[in-house]
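J.: Coordinates in final-v5.txt, compact mmCIF, C-alpha atoms, are listed below.
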# COMPACT_ATOMS: atom_id res chain seq x y z
CA MET O 1 -17.95 21.97 35.13
CA HIS O 2 -17.70 25.54 33.88
CA LEU O 3 -14.87 26.36 31.54
CA PRO O 4 -13.50 29.83 31.07
CA GLU O 5 -14.41 31.68 27.94
CA SER O 6 -10.96 31.31 26.44
CA LEU O 7 -10.89 27.52 26.96
CA GLN O 8 -14.45 27.20 25.66
CA ASP O 9 -13.55 29.10 22.53
CA LEU O 10 -10.50 26.91 22.11
CA ALA O 11 -12.58 23.75 22.48
CA ASP O 12 -15.08 25.02 19.92
CA SER O 13 -12.42 26.11 17.46
CA GLU O 14 -12.23 24.55 14.03
CA THR O 15 -8.74 23.13 14.63
CA VAL O 16 -9.77 21.25 17.77
CA ARG O 17 -12.89 19.89 16.11
CA PHE O 18 -10.76 18.76 13.17
CA LEU O 19 -8.27 16.98 15.43
CA LYS O 20 -11.10 15.28 17.33
CA ARG O 21 -12.34 13.52 14.18
CA PRO O 22 -11.72 9.74 14.09
CA LYS O 23 -9.85 10.04 10.80
CA SER O 24 -7.52 12.71 12.20
CA ILE O 25 -6.88 10.70 15.37
CA SER O 26 -6.02 7.59 13.34
CA ARG O 27 -3.66 9.54 11.10
CA VAL O 28 -1.89 11.09 14.08
CA CYS O 29 -1.53 7.67 15.72
CA GLY O 30 -0.21 6.15 12.51
CA GLY O 31 2.32 8.96 12.13
CA VAL O 32 3.49 8.71 15.75
CA PHE O 33 3.86 4.93 15.54
CA SER O 34 5.88 5.24 12.33
CA LEU O 35 8.04 7.93 13.92
CA VAL O 36 8.81 5.67 16.89
CA ILE O 37 9.73 2.75 14.61
CA PHE O 38 12.24 4.46 12.36
CA SER O 39 13.67 6.82 15.01
CA SER O 40 14.32 4.02 17.52
CA LEU O 41 16.13 1.91 14.94
CA LEU O 42 18.08 4.88 13.65
CA THR O 43 19.36 5.82 17.09
CA ASP O 44 20.01 2.44 18.74
CA GLY O 45 19.26 -0.09 16.01
CA TYR O 46 22.89 -0.32 14.85
CA GLN O 47 25.33 -1.45 17.53
CA ASN O 48 28.77 -2.92 17.62
CA ARG O 49 29.49 -6.33 19.08
CA THR O 50 31.62 -6.84 22.13
CA GLU O 51 34.46 -8.23 20.08
CA SER O 52 34.21 -5.92 17.03
CA PRO O 53 33.89 -2.15 16.51
CA GLN O 54 31.84 -2.62 13.31
CA LEU O 55 28.18 -1.64 13.53
CA HIS O 56 25.55 -4.33 12.98
CA CYS O 57 21.77 -4.35 13.05
CA VAL O 58 20.47 -5.58 16.41
CA LEU O 59 17.90 -7.71 14.56
CA ASN O 60 20.03 -10.79 13.90
CA SER O 61 22.73 -8.59 12.31
CA ASN O 62 20.46 -8.35 9.28
CA HIS O 63 20.85 -4.94 7.67
CA MET O 64 17.87 -5.65 5.46
CA ALA O 65 15.59 -5.83 8.52
CA CYS O 66 16.71 -2.48 9.91
CA THR O 67 16.69 -0.82 6.48
CA PHE O 68 13.21 -2.12 5.72
CA ALA O 69 11.82 -0.94 9.07
CA VAL O 70 13.47 2.48 8.85
CA GLY O 71 12.38 3.07 5.25
CA ALA O 72 8.81 1.90 5.84
CA GLY O 73 8.53 3.98 9.00
CA PHE O 74 9.81 7.12 7.31
CA LEU O 75 7.52 6.77 4.28
CA SER O 76 4.54 5.93 6.47
CA PHE O 77 5.23 9.01 8.59
CA LEU O 78 5.32 11.22 5.49
CA SER O 79 2.13 9.62 4.16
CA SER O 80 0.30 10.36 7.42
CA LEU O 81 1.44 13.99 7.39
CA VAL O 82 0.47 14.52 3.74
CA PHE O 83 -3.00 13.04 4.12
CA LEU O 84 -3.56 14.93 7.37
CA ALA O 85 -2.76 18.17 5.54
CA LEU O 86 -5.08 17.19 2.68
CA ASP O 87 -7.85 16.42 5.16
CA ALA O 88 -7.53 19.97 6.49
CA ARG O 89 -8.08 21.26 2.93
CA GLU O 90 -10.85 18.79 2.13
CA SER O 91 -13.63 21.33 2.67
CA ARG O 92 -12.08 23.56 0.00
CA ILE O 93 -12.08 20.83 -2.63
CA THR O 94 -14.98 21.52 -4.99
CA GLY O 95 -14.39 19.00 -7.75
CA ASN O 96 -16.26 15.75 -7.23
CA ARG O 97 -13.85 13.81 -9.41
CA PHE O 98 -10.81 15.02 -7.48
CA LYS O 99 -12.48 14.26 -4.15
CA THR O 100 -13.42 10.75 -5.30
CA ALA O 101 -9.87 10.13 -6.58
CA PHE O 102 -8.45 11.37 -3.27
CA GLN O 103 -10.70 9.06 -1.26
CA LEU O 104 -9.87 6.11 -3.51
CA LEU O 105 -6.13 6.79 -3.17
CA ASP O 106 -6.55 7.06 0.59
CA PHE O 107 -8.28 3.68 0.73
CA ILE O 108 -5.69 1.95 -1.47
CA LEU O 109 -2.72 3.34 0.45
CA ALA O 110 -4.28 2.45 3.81
CA VAL O 111 -4.74 -1.17 2.68
CA ILE O 112 -1.18 -1.28 1.34
CA TRP O 113 0.29 0.13 4.56
CA ALA O 114 -1.70 -2.32 6.67
CA GLY O 115 -0.21 -5.16 4.63
CA ILE O 116 3.30 -3.69 4.80
CA TRP O 117 3.22 -3.34 8.59
CA PHE O 118 1.87 -6.86 9.00
CA VAL O 119 4.76 -8.19 6.92
CA ALA O 120 7.18 -5.96 8.83
CA PHE O 121 5.91 -7.25 12.17
CA CYS O 122 6.34 -10.87 11.11
CA PHE O 123 9.76 -10.22 9.59
CA LEU O 124 11.12 -8.22 12.54
CA THR O 125 9.78 -10.74 15.04
CA SER O 126 11.43 -13.60 13.16
CA GLN O 127 14.77 -11.79 13.04
CA TRP O 128 14.58 -10.88 16.71
CA GLN O 129 13.92 -14.49 17.71
CA HIS O 130 17.01 -15.64 15.81
CA SER O 131 19.25 -12.90 17.19
CA LYS O 132 21.36 -13.26 20.33
CA SER O 133 20.97 -10.32 22.68
CA LYS O 134 24.28 -11.01 24.45
CA HIS O 135 26.16 -10.02 21.30
CA PHE O 136 25.10 -6.37 21.74
CA LEU O 137 25.36 -4.19 24.80
CA LEU O 138 22.53 -1.82 23.74
CA GLY O 139 19.66 -1.77 21.25
CA ASN O 140 17.40 -4.42 22.73
CA SER O 141 14.77 -1.93 23.84
CA SER O 142 14.81 -0.23 20.42
CA ALA O 143 14.22 -3.52 18.64
CA LYS O 144 11.35 -4.40 20.96
CA ALA O 145 9.79 -0.95 20.49
CA ALA O 146 10.00 -1.25 16.71
CA ILE O 147 8.34 -4.68 16.78
CA ALA O 148 5.60 -3.55 19.17
CA PHE O 149 4.69 -0.40 17.24
CA ALA O 150 4.80 -2.28 13.95
CA PHE O 151 2.10 -4.52 15.41
CA PHE O 152 0.07 -1.52 16.64
CA SER O 153 0.29 0.07 13.20
CA VAL O 154 -1.66 -2.77 11.55
CA PRO O 155 -5.06 -2.07 13.21
CA VAL O 156 -4.52 1.68 12.86
CA TRP O 157 -4.13 1.46 9.08
CA ILE O 158 -6.99 -1.04 8.83
CA PHE O 159 -9.19 1.49 10.63
CA GLN O 160 -8.05 4.20 8.22
CA ALA O 161 -8.96 1.96 5.29
CA TYR O 162 -12.38 1.41 6.83
CA LEU O 163 -12.96 5.16 7.23
CA ALA O 164 -11.80 5.81 3.67
CA PHE O 165 -14.15 3.13 2.38
CA GLN O 166 -17.04 4.70 4.31
CA ASP O 167 -16.29 8.12 2.78
CA LEU O 168 -15.97 6.59 -0.67
CA ARG O 169 -19.31 4.81 -0.34
CA ASP O 170 -21.06 7.92 0.96
CA GLU O 171 -19.70 10.05 -1.88
CA ALA O 172 -20.62 7.54 -4.61
CA PRO O 173 -22.60 9.25 -7.42
CA VAL O 174 -26.26 8.30 -7.78
CA PRO O 175 -27.17 7.21 -11.36
CA TYR O 176 -29.23 9.76 -13.29
CA LYS O 177 -29.18 12.13 -10.32
CA ARG O 178 -27.84 14.99 -12.38
CA SER O 179 -30.33 14.53 -15.20
CA LEU O 180 -33.23 14.30 -12.77
CA ASP O 181 -32.10 17.44 -11.00
CA GLU O 182 -31.80 19.29 -14.28
CA GLY O 183 -35.28 18.16 -15.28
CA ALA O 184 -36.69 19.40 -12.00
CA VAL O 185 -35.03 22.76 -12.52
CA VAL O 186 -36.52 23.05 -15.99
CA LEU O 187 -40.01 22.22 -14.73
CA ASN O 188 -39.72 24.68 -11.87
CA THR O 189 -38.56 27.50 -14.11
CA LEU O 190 -41.64 27.27 -16.33
CA SER O 191 -43.77 30.39 -15.86
CA PRO O 192 -47.50 30.12 -14.99
CA SER O 193 -48.45 31.80 -18.25
CA SER O 194 -46.52 29.23 -20.27
CA THR O 195 -48.13 26.33 -18.42
CA THR O 196 -51.55 27.89 -18.94
CA ASN O 197 -50.92 28.26 -22.65
CA LEU O 198 -49.80 24.65 -22.85
CA ALA O 199 -52.91 23.44 -21.00
CA ASN O 200 -55.35 25.63 -23.00
CA PRO O 201 -54.13 25.97 -26.58
CA PRO O 202 -55.70 28.84 -28.57
CA THR O 203 -58.66 27.97 -30.74
CA THR O 204 -58.72 29.06 -34.38
CA GLY O 205 -61.67 29.98 -36.53
CA PRO O 206 -62.69 28.32 -39.75
CA ASN O 207 -61.09 31.03 -41.86
CA SER O 208 -57.87 31.20 -39.90
CA VAL O 209 -54.82 29.31 -41.05
CA SER O 210 -52.47 27.80 -38.50
CA TYR O 211 -49.07 26.28 -38.94
CA THR O 212 -50.16 22.92 -37.58
CA SER O 213 -53.19 22.56 -39.82
CA SER O 214 -51.32 23.76 -42.88
CA ALA O 215 -48.45 21.44 -42.15
CA LEU O 216 -50.70 18.43 -41.61
CA SER O 217 -53.26 19.21 -44.34
CA PRO O 218 -51.50 17.21 -47.09
CA TYR O 219 -51.65 14.15 -44.85
CA LEU O 220 -55.21 14.59 -43.60
CA THR O 221 -56.99 15.10 -46.98
CA THR O 222 -58.79 12.06 -48.35
CA PRO O 223 -57.64 10.81 -51.75
CA LYS O 224 -60.01 11.46 -54.67
CA ALA O 225 -61.24 8.57 -56.84
CA PRO O 226 -60.32 8.72 -60.56
CA ARG O 227 -63.11 9.92 -62.91
CA LEU O 228 -64.17 7.95 -66.03
CA ALA O 229 -64.56 9.99 -69.18
CA MET O 230 -67.26 8.94 -71.71
CA MET O 231 -66.08 8.99 -75.34
CA PRO O 232 -68.79 10.06 -77.96
CA ASP O 233 -69.82 7.57 -80.62
CA SER O 234 -68.41 8.36 -84.04
Represent the structure contained in this file as structure tokens.
T.:
Amino acid sequence: MHLPESLQDLADSETVRFLKRPKSISRVCGGVFSLVIFSSLLTDGYQNRTESPQLHCVLNSNHMACTFAVGAGFLSFLSSLVFLALDARESRITGNRFKTAFQLLDFILAVIWAGIWFVAFCFLTSQWQHSKSKHFLLGNSSAKAAIAFAFFSVPVWIFQAYLAFQDLRDEAPVPYKRSLDEGAVVLNTLSPSSTTNLANPPTTGPNSVSYTSSALSPYLTTPKAPRLAMMPDS
């Protein structure tokens, strides 16, 4: 299948290649799932009963359940957007320490969010089972959507944690790598004349004085034996 030049250039663009990365896809999915959770509960999650005009949470009239799901969804959505923007700037990060700290923070937050969404799924499911749908005219579909996407968010964030762990392991510093590289640079920068002089040191004549011989002469001389003086008879 032949694509036009414009579409081919678009497919080969840096933005499309960035969005096709597994990490980018997982972040977009996590952000969309979080958006569905908190937006569905914000719009139809609070309904009034047939006999009362007061608004109640459709999840067993438990305001804590709706508040927890809305807050977690909003914060998770912001986290996905922030890390997606940082991924776009990752190639411009030159400091190894900052890149390692970023990858470690990414791994920790992904594990935390996976745990939060697992707890949210269990909590929302429990509240939905104890709620009576006949009390509310609307909101049932919103509650089911929030529960379903809370469940889908768990494997998404686990996959993000796995990718962050892979990046963290690949970027781990090798012990003594810097010192070995510096030693190799020093050996490579030695000129041929200097290596020749080191291999063939200059010879000195018997009358010449060198620093090495003069410095080591006090230690290389053999000690002289004491002489006995003969006293004349008086």
J.: Would you mind telling me which residue in O:Phe98, O:Leu42, O:Val156, O:Ala120 lies nearest to Phe68 (chain O) when using all atoms listed in the file?
T.: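 Selected residue with least distance to Phe68 (chain O): O:Ala120.
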J.: For each of O:Leu75, O:Val58, O:Ala85, O:Ile25, take the minimum atom-to-atom distance to Leu124 (chain O), counting only C-alpha atoms, then give the residue where this is smallest.
T.: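 Smallest distance to Leu124 (chain O) is found for O:Val58.
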J.: Nearest residue to Phe121 (chain O) out of O:Ala88, O:Leu81, O:Ala65, O:Val32, using all atoms listed in the file?
T.: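 With all atoms listed in the file as the atom set, the closest residue is O:Ala65.
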J.: Have a look at CA of Ala146 (chain O) and CA of Ser34 (chain O) and let me know their distance in Å, one decimal.
T.: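 Interatomic distance, CA of Ala146 (chain O) to CA of Ser34 (chain O): 8.8 Å.
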J.: Could you tell me which of O:Val154, O:Cys29, O:Val111, O:Cys66 comes closest to Trp128 (chain O) if we count all atoms listed in the file?
T.: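 Between O:Val154, O:Cys29, O:Val111, O:Cys66, the residue approaching Trp128 (chain O) most closely is O:Cys66.
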J.: Can you work out the spacing between CA of Glu90 (chain O) and CA of Leu109 (chain O) in Å, to one decimal?
T.: 17.5 Å
J.: Hey, can you pull every residue with an atom no more than 7 Å from (-3.4, 10.8, 1.3), using all atoms listed in the file, and send it as a compact mmCIF listing (two decimals) with C-alpha atoms, in the coordinates of the input?
T.:
# COMPACT_ATOMS: atom_id res chain seq x y z
CA SER O 79 2.13 9.62 4.16
CA VAL O 82 0.47 14.52 3.74
CA PHE O 83 -3.00 13.04 4.12
CA LEU O 86 -5.08 17.19 2.68
CA PHE O 102 -8.45 11.37 -3.27
CA LEU O 105 -6.13 6.79 -3.17
CA ASP O 106 -6.55 7.06 0.59
J.: Just the number, please: distance in Å from CA of His130 (chain O) to CA of Asn60 (chain O), one decimal.
T.: 6.0 Å
J.: Tell me, as a ChimeraX atom specification, which residues lie within 12 Å of Phe77 (chain O), counting only C-alpha atoms; anything in the same chain fewer than 2 positions away does not count.
T.: /O:27-39,69-75,79-84,113,153
J.: I need the residue nearest Phe18 (chain O) from this list: O:Asn62, O:His56, O:Tyr46, O:Asp87. Use only C-alpha atoms for the distance.
T.: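 With only C-alpha atoms as the atom set, the closest residue is O:Asp87.
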J.: Point out the residue among O:Ser76, O:Gln166, O:Ser61, O:Thr100 with the least atom-to-atom distance to Lys132 (chain O), counting all atoms listed in the file.
T.: O:Ser61
